[in-house]
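Printed here is upload06.pdb (PDB, C-alpha atoms, pLDDT in the B column):
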```pdb
ATOM      1  CA  MET A  82      93.104 126.682  97.379  1.00 66.00           C
ATOM      2  CA  PRO A  83      90.156 124.340  96.664  1.00 72.00           C
ATOM      3  CA  ALA A  84      87.957 123.642  99.673  1.00 81.00           C
ATOM      4  CA  GLU A  85      87.414 120.208 101.107  1.00 91.00           C
ATOM      5  CA  THR A  86      85.084 117.833  99.288  1.00 95.00           C
ATOM      6  CA  ARG A  87      82.999 115.198 101.005  1.00 97.00           C
ATOM      7  CA  VAL A  88      81.602 112.195  99.194  1.00 97.00           C
ATOM      8  CA  GLY A  89      79.141 109.946 100.998  1.00 98.00           C
ATOM      9  CA  ILE A  90      79.816 106.271 100.345  1.00 97.00           C
ATOM     10  CA  ASN A  91      76.555 104.345 100.441  1.00 96.00           C
ATOM     11  CA  SER A  92      76.848 102.035  97.469  1.00 94.00           C
ATOM     12  CA  ALA A  93      79.382 100.832  94.923  1.00 92.00           C
ATOM     13  CA  ALA A  94      78.317 103.636  92.547  1.00 93.00           C
ATOM     14  CA  ASP A  95      79.714 106.188  95.029  1.00 96.00           C
ATOM     15  CA  ILE A  96      83.171 104.639  94.669  1.00 96.00           C
ATOM     16  CA  VAL A  97      83.329 105.996  91.117  1.00 95.00           C
ATOM     17  CA  THR A  98      82.232 109.475  92.278  1.00 96.00           C
ATOM     18  CA  ALA A  99      84.802 109.530  95.092  1.00 97.00           C
ATOM     19  CA  ARG A 100      87.709 108.564  92.884  1.00 96.00           C
ATOM     20  CA  GLN A 101      86.684 111.022  90.160  1.00 96.00           C
ATOM     21  CA  LYS A 102      86.505 113.876  92.692  1.00 97.00           C
ATOM     22  CA  GLY A 103      89.887 112.775  94.020  1.00 97.00           C
ATOM     23  CA  ARG A 104      91.422 112.820  90.576  1.00 97.00           C
ATOM     24  CA  GLU A 105      89.946 116.288  89.897  1.00 96.00           C
ATOM     25  CA  LEU A 106      91.331 117.700  93.138  1.00 97.00           C
ATOM     26  CA  ALA A 107      94.748 116.143  92.495  1.00 97.00           C
ATOM     27  CA  LEU A 108      94.901 117.766  89.054  1.00 97.00           C
ATOM     28  CA  GLN A 109      93.753 121.119  90.497  1.00 96.00           C
ATOM     29  CA  LEU A 110      96.526 120.918  93.073  1.00 96.00           C
ATOM     30  CA  GLY A 111      99.105 120.441  90.337  1.00 96.00           C
ATOM     31  CA  PHE A 112      99.662 116.693  90.392  1.00 97.00           C
ATOM     32  CA  GLU A 113     100.637 115.135  87.101  1.00 96.00           C
ATOM     33  CA  SER A 114      98.037 113.009  85.411  1.00 95.00           C
ATOM     34  CA  LEU A 115      99.874 109.798  86.338  1.00 95.00           C
ATOM     35  CA  ASP A 116      99.947 110.670  90.046  1.00 96.00           C
ATOM     36  CA  ALA A 117      96.301 111.754  89.906  1.00 97.00           C
ATOM     37  CA  THR A 118      95.519 108.261  88.587  1.00 96.00           C
ATOM     38  CA  LEU A 119      97.398 106.690  91.510  1.00 96.00           C
ATOM     39  CA  VAL A 120      95.428 108.871  93.953  1.00 97.00           C
ATOM     40  CA  ALA A 121      92.194 107.807  92.239  1.00 97.00           C
ATOM     41  CA  ALA A 122      93.233 104.161  92.509  1.00 96.00           C
ATOM     42  CA  ALA A 123      93.969 104.493  96.237  1.00 97.00           C
ATOM     43  CA  ILE A 124      90.597 106.190  96.804  1.00 97.00           C
ATOM     44  CA  SER A 125      88.881 103.416  94.874  1.00 96.00           C
ATOM     45  CA  GLU A 126      90.400 100.775  97.151  1.00 94.00           C
ATOM     46  CA  VAL A 127      89.621 102.460 100.487  1.00 95.00           C
ATOM     47  CA  SER A 128      86.078 103.341  99.304  1.00 96.00           C
ATOM     48  CA  ARG A 129      85.461  99.768  98.278  1.00 93.00           C
ATOM     49  CA  ASN A 130      86.624  98.678 101.702  1.00 92.00           C
ATOM     50  CA  ILE A 131      83.877 100.863 103.194  1.00 95.00           C
ATOM     51  CA  VAL A 132      81.177  99.395 100.930  1.00 94.00           C
ATOM     52  CA  GLU A 133      82.418  95.854 101.522  1.00 90.00           C
ATOM     53  CA  TYR A 134      82.758  95.909 105.290  1.00 91.00           C
ATOM     54  CA  ALA A 135      80.971  98.940 106.754  1.00 94.00           C
ATOM     55  CA  LYS A 136      78.234  99.415 104.098  1.00 94.00           C
ATOM     56  CA  ARG A 137      78.412 103.205 104.474  1.00 95.00           C
ATOM     57  CA  GLY A 138      80.840 105.931 105.320  1.00 97.00           C
ATOM     58  CA  GLU A 139      82.456 108.930 103.698  1.00 98.00           C
ATOM     59  CA  ILE A 140      85.508 110.114 101.836  1.00 98.00           C
ATOM     60  CA  ILE A 141      86.898 113.549 102.641  1.00 98.00           C
ATOM     61  CA  LEU A 142      89.281 115.099 100.158  1.00 98.00           C
ATOM     62  CA  GLN A 143      91.316 118.165 101.000  1.00 97.00           C
ATOM     63  CA  PRO A 144      94.515 119.994 100.164  1.00 96.00           C
ATOM     64  CA  SER A 145      97.288 119.290 102.637  1.00 94.00           C
ATOM     65  CA  ALA A 146     100.424 121.193 103.595  1.00 91.00           C
ATOM     66  CA  ASN A 147     103.403 120.305 105.730  1.00 87.00           C
ATOM     67  CA  GLY A 148     106.007 123.044 105.757  1.00 86.00           C
ATOM     68  CA  SER A 149     106.984 123.589 102.154  1.00 86.00           C
ATOM     69  CA  HIS A 150     105.293 120.326 101.122  1.00 88.00           C
ATOM     70  CA  GLN A 151     101.978 120.664  99.318  1.00 93.00           C
ATOM     71  CA  GLY A 152      99.753 117.760  98.640  1.00 96.00           C
ATOM     72  CA  LEU A 153      96.444 116.053  98.970  1.00 97.00           C
ATOM     73  CA  CYS A 154      94.847 114.369 101.949  1.00 97.00           C
ATOM     74  CA  VAL A 155      92.210 111.642 101.736  1.00 98.00           C
ATOM     75  CA  VAL A 156      90.261 110.577 104.799  1.00 98.00           C
ATOM     76  CA  ALA A 157      88.084 107.469 104.556  1.00 97.00           C
ATOM     77  CA  ARG A 158      85.792 107.174 107.549  1.00 97.00           C
ATOM     78  CA  ASP A 159      83.122 104.701 108.567  1.00 96.00           C
ATOM     79  CA  ASN A 160      81.219 103.599 111.659  1.00 95.00           C
ATOM     80  CA  GLY A 161      81.347  99.968 110.644  1.00 93.00           C
ATOM     81  CA  PRO A 162      82.449  96.879 112.569  1.00 94.00           C
ATOM     82  CA  GLY A 163      86.104  97.926 112.712  1.00 93.00           C
ATOM     83  CA  ILE A 164      89.102  95.791 111.838  1.00 91.00           C
ATOM     84  CA  ALA A 165      90.113  93.130 114.385  1.00 87.00           C
ATOM     85  CA  ASP A 166      93.678  92.772 113.160  1.00 87.00           C
ATOM     86  CA  VAL A 167      94.958  95.888 111.383  1.00 89.00           C
ATOM     87  CA  ALA A 168      98.405  94.411 110.720  1.00 87.00           C
ATOM     88  CA  GLN A 169      96.788  91.467 108.976  1.00 86.00           C
ATOM     89  CA  ALA A 170      94.452  93.732 106.975  1.00 86.00           C
ATOM     90  CA  LEU A 171      97.525  95.554 105.673  1.00 87.00           C
ATOM     91  CA  ARG A 172      99.236  92.354 104.579  1.00 84.00           C
ATOM     92  CA  TYR A 173      99.293  92.009 100.826  1.00 78.00           C
ATOM     93  CA  GLY A 174      97.170  89.127  99.540  1.00 77.00           C
ATOM     94  CA  HIS A 175      95.136  88.713 102.705  1.00 71.00           C
ATOM     95  CA  SER A 176      91.362  89.022 102.397  1.00 72.00           C
ATOM     96  CA  THR A 177      88.499  88.133 104.696  1.00 67.00           C
ATOM     97  CA  SER A 178      86.044  88.591 101.819  1.00 63.00           C
ATOM     98  CA  ARG A 179      86.341  87.201  98.298  1.00 58.00           C
ATOM     99  CA  GLY A 180      88.737  89.934  97.256  1.00 63.00           C
ATOM    100  CA  LEU A 181      92.303  89.752  96.069  1.00 63.00           C
ATOM    101  CA  GLY A 182      93.596  91.130  99.368  1.00 71.00           C
ATOM    102  CA  VAL A 183      95.072  94.057  97.496  1.00 78.00           C
ATOM    103  CA  GLY A 184      92.798  96.902  98.632  1.00 84.00           C
ATOM    104  CA  LEU A 185      94.280  98.426 101.783  1.00 90.00           C
ATOM    105  CA  PRO A 186      97.902  97.324 101.250  1.00 91.00           C
ATOM    106  CA  GLY A 187      97.585  98.524  97.661  1.00 90.00           C
ATOM    107  CA  ALA A 188      96.311 101.952  98.713  1.00 93.00           C
ATOM    108  CA  LYS A 189      99.224 102.181 101.154  1.00 93.00           C
ATOM    109  CA  LEU A 190     101.680 101.451  98.331  1.00 92.00           C
ATOM    110  CA  LEU A 191     100.184 104.160  96.129  1.00 94.00           C
ATOM    111  CA  MET A 192     100.273 106.996  98.683  1.00 96.00           C
ATOM    112  CA  ASP A 193     103.170 108.641 100.532  1.00 96.00           C
ATOM    113  CA  GLU A 194     101.547 108.453 103.944  1.00 96.00           C
ATOM    114  CA  PHE A 195      98.979 105.995 105.214  1.00 96.00           C
ATOM    115  CA  ASP A 196      97.551 105.852 108.688  1.00 96.00           C
ATOM    116  CA  ILE A 197      94.746 103.657 109.941  1.00 95.00           C
ATOM    117  CA  VAL A 198      92.848 103.827 113.217  1.00 95.00           C
ATOM    118  CA  SER A 199      90.253 101.150 113.828  1.00 94.00           C
ATOM    119  CA  LYS A 200      88.228 100.209 116.838  1.00 94.00           C
ATOM    120  CA  LEU A 201      86.018  97.134 116.988  1.00 94.00           C
ATOM    121  CA  GLY A 202      82.357  98.085 117.001  1.00 93.00           C
ATOM    122  CA  GLU A 203      83.133 101.757 116.375  1.00 95.00           C
ATOM    123  CA  GLY A 204      84.603 102.014 112.941  1.00 95.00           C
ATOM    124  CA  THR A 205      87.673 102.742 110.910  1.00 95.00           C
ATOM    125  CA  THR A 206      89.382 105.952 109.826  1.00 97.00           C
ATOM    126  CA  ILE A 207      92.091 105.875 107.198  1.00 97.00           C
ATOM    127  CA  THR A 208      94.084 109.040 106.568  1.00 97.00           C
ATOM    128  CA  MET A 209      96.408 109.055 103.592  1.00 97.00           C
ATOM    129  CA  ARG A 210      98.443 111.741 101.848  1.00 97.00           C
ATOM    130  CA  LYS A 211     100.325 112.211  98.650  1.00 97.00           C
ATOM    131  CA  TRP A 212     102.850 115.022  98.271  1.00 97.00           C
ATOM    132  CA  LEU A 213     103.710 117.018  95.205  1.00 95.00           C
ATOM    133  CA  HIS A 214     107.310 116.244  94.300  1.00 81.00           C
TER     134      HIS A 214
ATOM    135  CA  MET X 672      75.076 102.171  81.203  1.00 79.00           C
ATOM    136  CA  ARG X 673      75.042  98.739  79.595  1.00 90.00           C
ATOM    137  CA  VAL X 674      78.156  97.956  77.586  1.00 94.00           C
ATOM    138  CA  PRO X 675      77.252  97.407  73.905  1.00 96.00           C
ATOM    139  CA  ILE X 676      78.309  94.014  72.570  1.00 97.00           C
ATOM    140  CA  LEU X 677      78.704  93.652  68.808  1.00 96.00           C
ATOM    141  CA  LYS X 678      78.887  90.384  66.922  1.00 95.00           C
ATOM    142  CA  GLN X 679      81.591  90.088  64.245  1.00 90.00           C
ATOM    143  CA  TYR X 680      81.465  86.648  62.615  1.00 88.00           C
ATOM    144  CA  ASP X 681      82.126  84.297  65.527  1.00 92.00           C
ATOM    145  CA  TYR X 682      83.763  86.964  67.644  1.00 95.00           C
ATOM    146  CA  LEU X 683      82.076  89.341  70.073  1.00 97.00           C
ATOM    147  CA  VAL X 684      83.340  92.858  70.698  1.00 98.00           C
ATOM    148  CA  ALA X 685      82.350  94.579  73.943  1.00 98.00           C
ATOM    149  CA  SER X 686      83.248  98.270  73.806  1.00 96.00           C
ATOM    150  CA  VAL X 687      83.248  99.900  77.200  1.00 95.00           C
ATOM    151  CA  GLN X 688      81.989 103.449  76.534  1.00 90.00           C
ATOM    152  CA  SER X 689      82.503 105.113  79.899  1.00 90.00           C
ATOM    153  CA  VAL X 690      83.723 104.533  83.424  1.00 89.00           C
ATOM    154  CA  LEU X 691      81.953 101.495  84.873  1.00 91.00           C
ATOM    155  CA  SER X 692      80.556 100.937  88.346  1.00 90.00           C
ATOM    156  CA  ASP X 693      80.934  97.543  90.023  1.00 90.00           C
ATOM    157  CA  GLU X 694      77.365  96.625  89.052  1.00 91.00           C
ATOM    158  CA  GLU X 695      77.924  97.543  85.411  1.00 93.00           C
ATOM    159  CA  LEU X 696      81.071  95.405  85.321  1.00 95.00           C
ATOM    160  CA  LEU X 697      79.173  92.430  86.728  1.00 95.00           C
ATOM    161  CA  LEU X 698      76.397  93.039  84.197  1.00 96.00           C
ATOM    162  CA  LEU X 699      78.993  92.953  81.409  1.00 97.00           C
ATOM    163  CA  ARG X 700      80.261  89.629  82.747  1.00 96.00           C
ATOM    164  CA  ASP X 701      76.759  88.133  82.734  1.00 96.00           C
ATOM    165  CA  ASP X 702      75.854  89.610  79.324  1.00 97.00           C
ATOM    166  CA  LEU X 703      79.005  88.148  77.767  1.00 97.00           C
ATOM    167  CA  ALA X 704      78.389  84.708  79.255  1.00 95.00           C
ATOM    168  CA  ASP X 705      74.876  84.778  77.716  1.00 95.00           C
ATOM    169  CA  ARG X 706      75.878  86.173  74.350  1.00 96.00           C
ATOM    170  CA  VAL X 707      78.706  83.676  73.861  1.00 96.00           C
ATOM    171  CA  GLY X 708      76.108  80.912  74.098  1.00 95.00           C
ATOM    172  CA  GLN X 709      73.523  82.744  72.015  1.00 95.00           C
ATOM    173  CA  HIS X 710      75.919  83.403  69.118  1.00 96.00           C
ATOM    174  CA  ARG X 711      78.185  80.371  69.638  1.00 95.00           C
ATOM    175  CA  SER X 712      81.104  82.799  69.718  1.00 96.00           C
ATOM    176  CA  LYS X 713      84.685  81.536  69.749  1.00 95.00           C
ATOM    177  CA  GLY X 714      86.438  84.753  70.665  1.00 97.00           C
ATOM    178  CA  VAL X 715      85.632  87.827  72.748  1.00 98.00           C
ATOM    179  CA  ILE X 716      87.335  91.211  72.742  1.00 98.00           C
ATOM    180  CA  VAL X 717      86.730  93.537  75.674  1.00 98.00           C
ATOM    181  CA  ASP X 718      87.829  97.064  74.759  1.00 98.00           C
ATOM    182  CA  VAL X 719      88.610  99.014  77.944  1.00 97.00           C
ATOM    183  CA  THR X 720      90.107 102.111  76.282  1.00 96.00           C
ATOM    184  CA  ALA X 721      87.490 104.272  78.052  1.00 95.00           C
ATOM    185  CA  LEU X 722      88.361 103.039  81.552  1.00 95.00           C
ATOM    186  CA  ASP X 723      90.254 105.623  83.609  1.00 93.00           C
ATOM    187  CA  LEU X 724      91.183 103.038  86.206  1.00 95.00           C
ATOM    188  CA  ILE X 725      91.284  99.271  86.625  1.00 95.00           C
ATOM    189  CA  ASP X 726      91.291  98.659  90.362  1.00 93.00           C
ATOM    190  CA  SER X 727      91.282  95.394  92.290  1.00 92.00           C
ATOM    191  CA  PHE X 728      87.577  94.797  91.753  1.00 93.00           C
ATOM    192  CA  ALA X 729      87.759  95.483  88.012  1.00 95.00           C
ATOM    193  CA  THR X 730      90.812  93.221  87.747  1.00 95.00           C
ATOM    194  CA  ARG X 731      89.025  90.451  89.582  1.00 93.00           C
ATOM    195  CA  THR X 732      85.970  90.847  87.331  1.00 95.00           C
ATOM    196  CA  LEU X 733      87.986  90.897  84.090  1.00 97.00           C
ATOM    197  CA  ARG X 734      89.750  87.725  85.236  1.00 96.00           C
ATOM    198  CA  ALA X 735      86.386  86.171  86.077  1.00 95.00           C
ATOM    199  CA  ILE X 736      85.065  87.090  82.619  1.00 96.00           C
ATOM    200  CA  THR X 737      88.027  85.394  80.950  1.00 97.00           C
ATOM    201  CA  HIS X 738      87.699  82.248  83.040  1.00 96.00           C
ATOM    202  CA  MET X 739      83.913  82.048  82.651  1.00 95.00           C
ATOM    203  CA  LEU X 740      84.085  82.509  78.899  1.00 96.00           C
ATOM    204  CA  LYS X 741      86.876  79.931  78.679  1.00 95.00           C
ATOM    205  CA  LEU X 742      84.529  77.480  80.391  1.00 94.00           C
ATOM    206  CA  ARG X 743      81.927  78.431  77.797  1.00 92.00           C
ATOM    207  CA  GLY X 744      84.449  77.656  75.055  1.00 93.00           C
ATOM    208  CA  ALA X 745      85.518  81.172  74.085  1.00 96.00           C
ATOM    209  CA  GLU X 746      88.891  82.903  74.170  1.00 96.00           C
ATOM    210  CA  THR X 747      88.991  86.438  75.644  1.00 97.00           C
ATOM    211  CA  VAL X 748      91.377  89.265  74.926  1.00 98.00           C
ATOM    212  CA  ILE X 749      91.358  92.578  76.798  1.00 98.00           C
ATOM    213  CA  VAL X 750      92.411  95.524  74.661  1.00 98.00           C
ATOM    214  CA  GLY X 751      93.044  99.232  75.165  1.00 98.00           C
ATOM    215  CA  ILE X 752      94.471  99.397  78.689  1.00 98.00           C
ATOM    216  CA  GLN X 753      95.798 102.964  78.862  1.00 97.00           C
ATOM    217  CA  PRO X 754      99.418 103.623  79.953  1.00 96.00           C
ATOM    218  CA  GLU X 755      98.432 105.311  83.241  1.00 96.00           C
ATOM    219  CA  VAL X 756      95.918 102.590  84.004  1.00 96.00           C
ATOM    220  CA  ALA X 757      98.606  99.974  83.392  1.00 97.00           C
ATOM    221  CA  PHE X 758     101.017 101.890  85.655  1.00 95.00           C
ATOM    222  CA  ALA X 759      98.505 102.025  88.513  1.00 94.00           C
ATOM    223  CA  MET X 760      97.830  98.290  88.096  1.00 94.00           C
ATOM    224  CA  VAL X 761     101.547  97.544  88.310  1.00 93.00           C
ATOM    225  CA  GLN X 762     101.866  99.711  91.440  1.00 90.00           C
ATOM    226  CA  LEU X 763      98.940  97.850  92.997  1.00 89.00           C
ATOM    227  CA  GLY X 764     100.454  94.494  92.004  1.00 88.00           C
ATOM    228  CA  LEU X 765      97.403  93.616  89.918  1.00 92.00           C
ATOM    229  CA  THR X 766      97.821  91.132  87.100  1.00 92.00           C
ATOM    230  CA  LEU X 767      95.478  89.765  84.447  1.00 93.00           C
ATOM    231  CA  GLU X 768      96.855  86.231  84.662  1.00 87.00           C
ATOM    232  CA  GLY X 769      95.372  83.868  82.131  1.00 87.00           C
ATOM    233  CA  THR X 770      93.868  86.723  80.137  1.00 93.00           C
ATOM    234  CA  GLY X 771      95.030  87.679  76.684  1.00 95.00           C
ATOM    235  CA  THR X 772      95.852  91.349  76.228  1.00 97.00           C
ATOM    236  CA  ALA X 773      96.510  93.434  73.141  1.00 98.00           C
ATOM    237  CA  LEU X 774      97.201  97.082  72.399  1.00 98.00           C
ATOM    238  CA  ASP X 775      93.939  97.968  70.656  1.00 97.00           C
ATOM    239  CA  LEU X 776      90.963  96.523  68.807  1.00 96.00           C
ATOM    240  CA  GLU X 777      92.978  95.814  65.659  1.00 95.00           C
ATOM    241  CA  GLU X 778      95.650  93.928  67.595  1.00 96.00           C
ATOM    242  CA  GLY X 779      92.929  92.130  69.534  1.00 96.00           C
ATOM    243  CA  LEU X 780      91.389  90.804  66.335  1.00 94.00           C
ATOM    244  CA  ALA X 781      94.844  89.749  65.131  1.00 94.00           C
ATOM    245  CA  TYR X 782      95.423  88.043  68.502  1.00 95.00           C
ATOM    246  CA  LEU X 783      92.260  85.968  68.126  1.00 95.00           C
ATOM    247  CA  ASP X 784      93.053  85.137  64.498  1.00 92.00           C
ATOM    248  CA  ARG X 785      96.489  83.926  65.549  1.00 93.00           C
ATOM    249  CA  HIS X 786      94.922  81.931  68.366  1.00 92.00           C
ATOM    250  CA  PHE X 787      92.577  80.192  65.950  1.00 90.00           C
ATOM    251  CA  ASN X 788      95.251  80.017  63.286  1.00 87.00           C
ATOM    252  CA  ARG X 789      93.225  81.730  60.596  1.00 81.00           C
ATOM    253  CA  LYS X 790      93.114  85.004  58.744  1.00 73.00           C
ATOM    254  CA  LEU X 791      89.660  86.457  59.287  1.00 66.00           C
ATOM    255  CA  TYR X 792      91.124  89.846  60.123  1.00 60.00           C
ATOM    256  CA  HIS X 793      94.840  89.271  60.365  1.00 51.00           C
ATOM    257  CA  ALA X 794      96.492  91.043  57.445  1.00 54.00           C
ATOM    258  CA  GLY X 795      99.901  89.595  56.597  1.00 47.00           C
TER     259      GLY X 795
END
```
Could you render the structure from this file as structure tokens?
Amino acid sequence: MPAETRVGINSAADIVTARQKGRELALQLGFESLDATLVAAAISEVSRNIVEYAKRGEIILQPSANGSHQGLCVVARDNGPGIADVAQALRYGHSTSRGLGVGLPGAKLLMDEFDIVSKLGEGTTITMRKWLH
Amino acid sequence: MRVPILKQYDYLVASVQSVLSDEELLLLRDDLADRVGQHRSKGVIVDVTALDLIDSFATRTLRAITHMLKLRGAETVIVGIQPEVAFAMVQLGLTLEGTGTALDLEEGLAYLDRHFNRKLYHAG
């Protein structure tokens, strides 16, 4: 079982590293190439959210298991300003920056599980999983 | 890495060679806007075969490139979007509205020739 991988997100260049590591781990865990691409896309969106709003944070990639289910878990964590209205942030097409408003709702669409905990002034933690089918 | 931009008659061909960071994508946008003026180019092909992913930022930037170049008088066509990349874009609901797309470089050249109603490259 591959160990967990941590990628510090301090600039936009780290987004590429995080999603490449995520794709690698997904392939190692037995995901098909197409699903590994979807995982990479989800990581790209949550990482960009960190750069855009919190400036820095980290992505933690690890294998995940739930009973007979095997999969991959991605945690995106930052100590940024937090999200005032999480429901709104997860609405497709809504953006408080110049973006397309696709990032977080898009990542949620790509993964099987998506959980977000955010506290104003303390930061945001997104935990998302994709299971091998 | 800076994306090489080749001039072919009054077309420009930008061949993305590797995965691009946000900064490199923005640099490509600015380079193309300059080069279109410098060479008085009418058509631009952006070959993204090497991209392993086109996420929301890349989509937004490719759309911006098309719109900027249109304002500079040039038609843009994006070529080489890989099947898995296209699938992820569809899942994310990302579209390249207003941007021409074609399968590969050859089809991109044919697309521009059709657009300008001439046969610089378009065989048959």
The centre and edge lengths of an axis-aligned box containing all atoms of range 171-175 of chain A present in the file, extended by 6 Å on each side, are to be given in Å to one decimal, as AutoDock Vina command-line options.
```
--center_x 97.2 --center_y 92.1 --center_z 102.6 --size_x 16.2 --size_y 18.8 --size_z 18.1
```
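We find CA of Val97 in chain A and CA of Leu774 in chain X to be spaced 24.9 Å apart.
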Evaluate the PyMOL selection byres ((chain A and resi 136-150) around 9) and report residues as a PDB file with C-alpha atoms, in the frame of the given file:
```
ATOM      1  CA  MET A  82      93.104 126.682  97.379  1.00 66.00           C
ATOM      2  CA  PRO A  83      90.156 124.340  96.664  1.00 72.00           C
ATOM      3  CA  ALA A  84      87.957 123.642  99.673  1.00 81.00           C
ATOM      4  CA  GLU A  85      87.414 120.208 101.107  1.00 91.00           C
ATOM      5  CA  THR A  86      85.084 117.833  99.288  1.00 95.00           C
ATOM      6  CA  ARG A  87      82.999 115.198 101.005  1.00 97.00           C
ATOM      7  CA  VAL A  88      81.602 112.195  99.194  1.00 97.00           C
ATOM      8  CA  GLY A  89      79.141 109.946 100.998  1.00 98.00           C
ATOM      9  CA  ILE A  90      79.816 106.271 100.345  1.00 97.00           C
ATOM     10  CA  ASN A  91      76.555 104.345 100.441  1.00 96.00           C
ATOM     11  CA  SER A  92      76.848 102.035  97.469  1.00 94.00           C
ATOM     12  CA  ALA A  99      84.802 109.530  95.092  1.00 97.00           C
ATOM     13  CA  LYS A 102      86.505 113.876  92.692  1.00 97.00           C
ATOM     14  CA  GLY A 103      89.887 112.775  94.020  1.00 97.00           C
ATOM     15  CA  LEU A 106      91.331 117.700  93.138  1.00 97.00           C
ATOM     16  CA  ALA A 107      94.748 116.143  92.495  1.00 97.00           C
ATOM     17  CA  LEU A 110      96.526 120.918  93.073  1.00 96.00           C
ATOM     18  CA  ILE A 124      90.597 106.190  96.804  1.00 97.00           C
ATOM     19  CA  VAL A 127      89.621 102.460 100.487  1.00 95.00           C
ATOM     20  CA  SER A 128      86.078 103.341  99.304  1.00 96.00           C
ATOM     21  CA  ASN A 130      86.624  98.678 101.702  1.00 92.00           C
ATOM     22  CA  ILE A 131      83.877 100.863 103.194  1.00 95.00           C
ATOM     23  CA  VAL A 132      81.177  99.395 100.930  1.00 94.00           C
ATOM     24  CA  GLU A 133      82.418  95.854 101.522  1.00 90.00           C
ATOM     25  CA  TYR A 134      82.758  95.909 105.290  1.00 91.00           C
ATOM     26  CA  ALA A 135      80.971  98.940 106.754  1.00 94.00           C
ATOM     27  CA  GLN A 151     101.978 120.664  99.318  1.00 93.00           C
ATOM     28  CA  GLY A 152      99.753 117.760  98.640  1.00 96.00           C
ATOM     29  CA  LEU A 153      96.444 116.053  98.970  1.00 97.00           C
ATOM     30  CA  CYS A 154      94.847 114.369 101.949  1.00 97.00           C
ATOM     31  CA  VAL A 155      92.210 111.642 101.736  1.00 98.00           C
ATOM     32  CA  VAL A 156      90.261 110.577 104.799  1.00 98.00           C
ATOM     33  CA  ALA A 157      88.084 107.469 104.556  1.00 97.00           C
ATOM     34  CA  ARG A 158      85.792 107.174 107.549  1.00 97.00           C
ATOM     35  CA  ASP A 159      83.122 104.701 108.567  1.00 96.00           C
ATOM     36  CA  ASN A 160      81.219 103.599 111.659  1.00 95.00           C
ATOM     37  CA  GLY A 161      81.347  99.968 110.644  1.00 93.00           C
ATOM     38  CA  ARG A 210      98.443 111.741 101.848  1.00 97.00           C
ATOM     39  CA  LYS A 211     100.325 112.211  98.650  1.00 97.00           C
ATOM     40  CA  TRP A 212     102.850 115.022  98.271  1.00 97.00           C
ATOM     41  CA  LEU A 213     103.710 117.018  95.205  1.00 95.00           C
ATOM     42  CA  HIS A 214     107.310 116.244  94.300  1.00 81.00           C
TER      43      HIS A 214
END
```
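Among the candidates A:Ala122, A:Val183, A:Leu171, A:Ala117, the one nearest to Ile207 in chain A when counting only C-alpha atoms is A:Leu171.
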Residue IDs satisfying the ChimeraX specification (/A :<10) & /X, as a ChimeraX atom specification: /X:690-695,723-728,730-731,754-756,758-760,762-765
Neighbour list for Gly771 in chain X as a list in words, cut-off 7 Å, all atoms listed in the file, skip fewer than 4 positions in-chain: Thr747, Val748 and Ile749 of chain X
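Rounded to one decimal, CA of Ala704 in chain X and CA of Gln679 in chain X lie 16.3 Å from each other.
Distances here use all atoms listed in the file; by that measure, the residue among X:Val687, X:Asp784, X:Arg743, X:Ile736 closest to Arg711 in chain X is X:Arg743.
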Range 778-783 of chain X surroundings by all atoms listed in the file, 10 Å radius, close-in-sequence under 4 positions cut, as a PyMOL selection string: chain X and resi 682+684+713-718+746-751+771-774+787-795
Atomic distance CA of Asp166 in chain A - CA of Ala729 in chain X, expressed in Å with one decimal: 26.0 Å
Contact residues around Ala735 in chain X with all atoms listed in the file at 10 Å, ignoring same-chain residues under 3 positions, as a ChimeraX atom specification: /X:697,700,729-732,738-741,767,770
Residues selected by the PyMOL selection byres ((chain A and resi 200) around 10), written as a ChimeraX atom specification: /A:160-167,198-199,201-206
Can you spit out the residues from that selection as a short mmCIF file (atom, residue, chain, number, x, y, z; two decimals), in the frame of the given file, using C-alpha atoms?
```cif
data_model
loop_
_atom_site.label_atom_id
_atom_site.label_comp_id
_atom_site.auth_asym_id
_atom_site.auth_seq_id
_atom_site.Cartn_x
_atom_site.Cartn_y
_atom_site.Cartn_z
CA ASN A 160 81.22 103.60 111.66
CA GLY A 161 81.35 99.97 110.64
CA PRO A 162 82.45 96.88 112.57
CA GLY A 163 86.10 97.93 112.71
CA ILE A 164 89.10 95.79 111.84
CA ALA A 165 90.11 93.13 114.38
CA ASP A 166 93.68 92.77 113.16
CA VAL A 167 94.96 95.89 111.38
CA VAL A 198 92.85 103.83 113.22
CA SER A 199 90.25 101.15 113.83
CA LEU A 201 86.02 97.13 116.99
CA GLY A 202 82.36 98.08 117.00
CA GLU A 203 83.13 101.76 116.38
CA GLY A 204 84.60 102.01 112.94
CA THR A 205 87.67 102.74 110.91
CA THR A 206 89.38 105.95 109.83
#
```
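Residue nearest Met192 in chain A within the list A:Gly111, A:Ala170, A:Met209, A:Ser176: A:Met209 [criterion: smallest interatomic distance, only C-alpha atoms].
Comparing X:Gln709, X:Thr766, X:Thr720, X:Ser686 by their smallest distance to Ile752 in chain X, the closest is X:Thr720 (using all atoms listed in the file).
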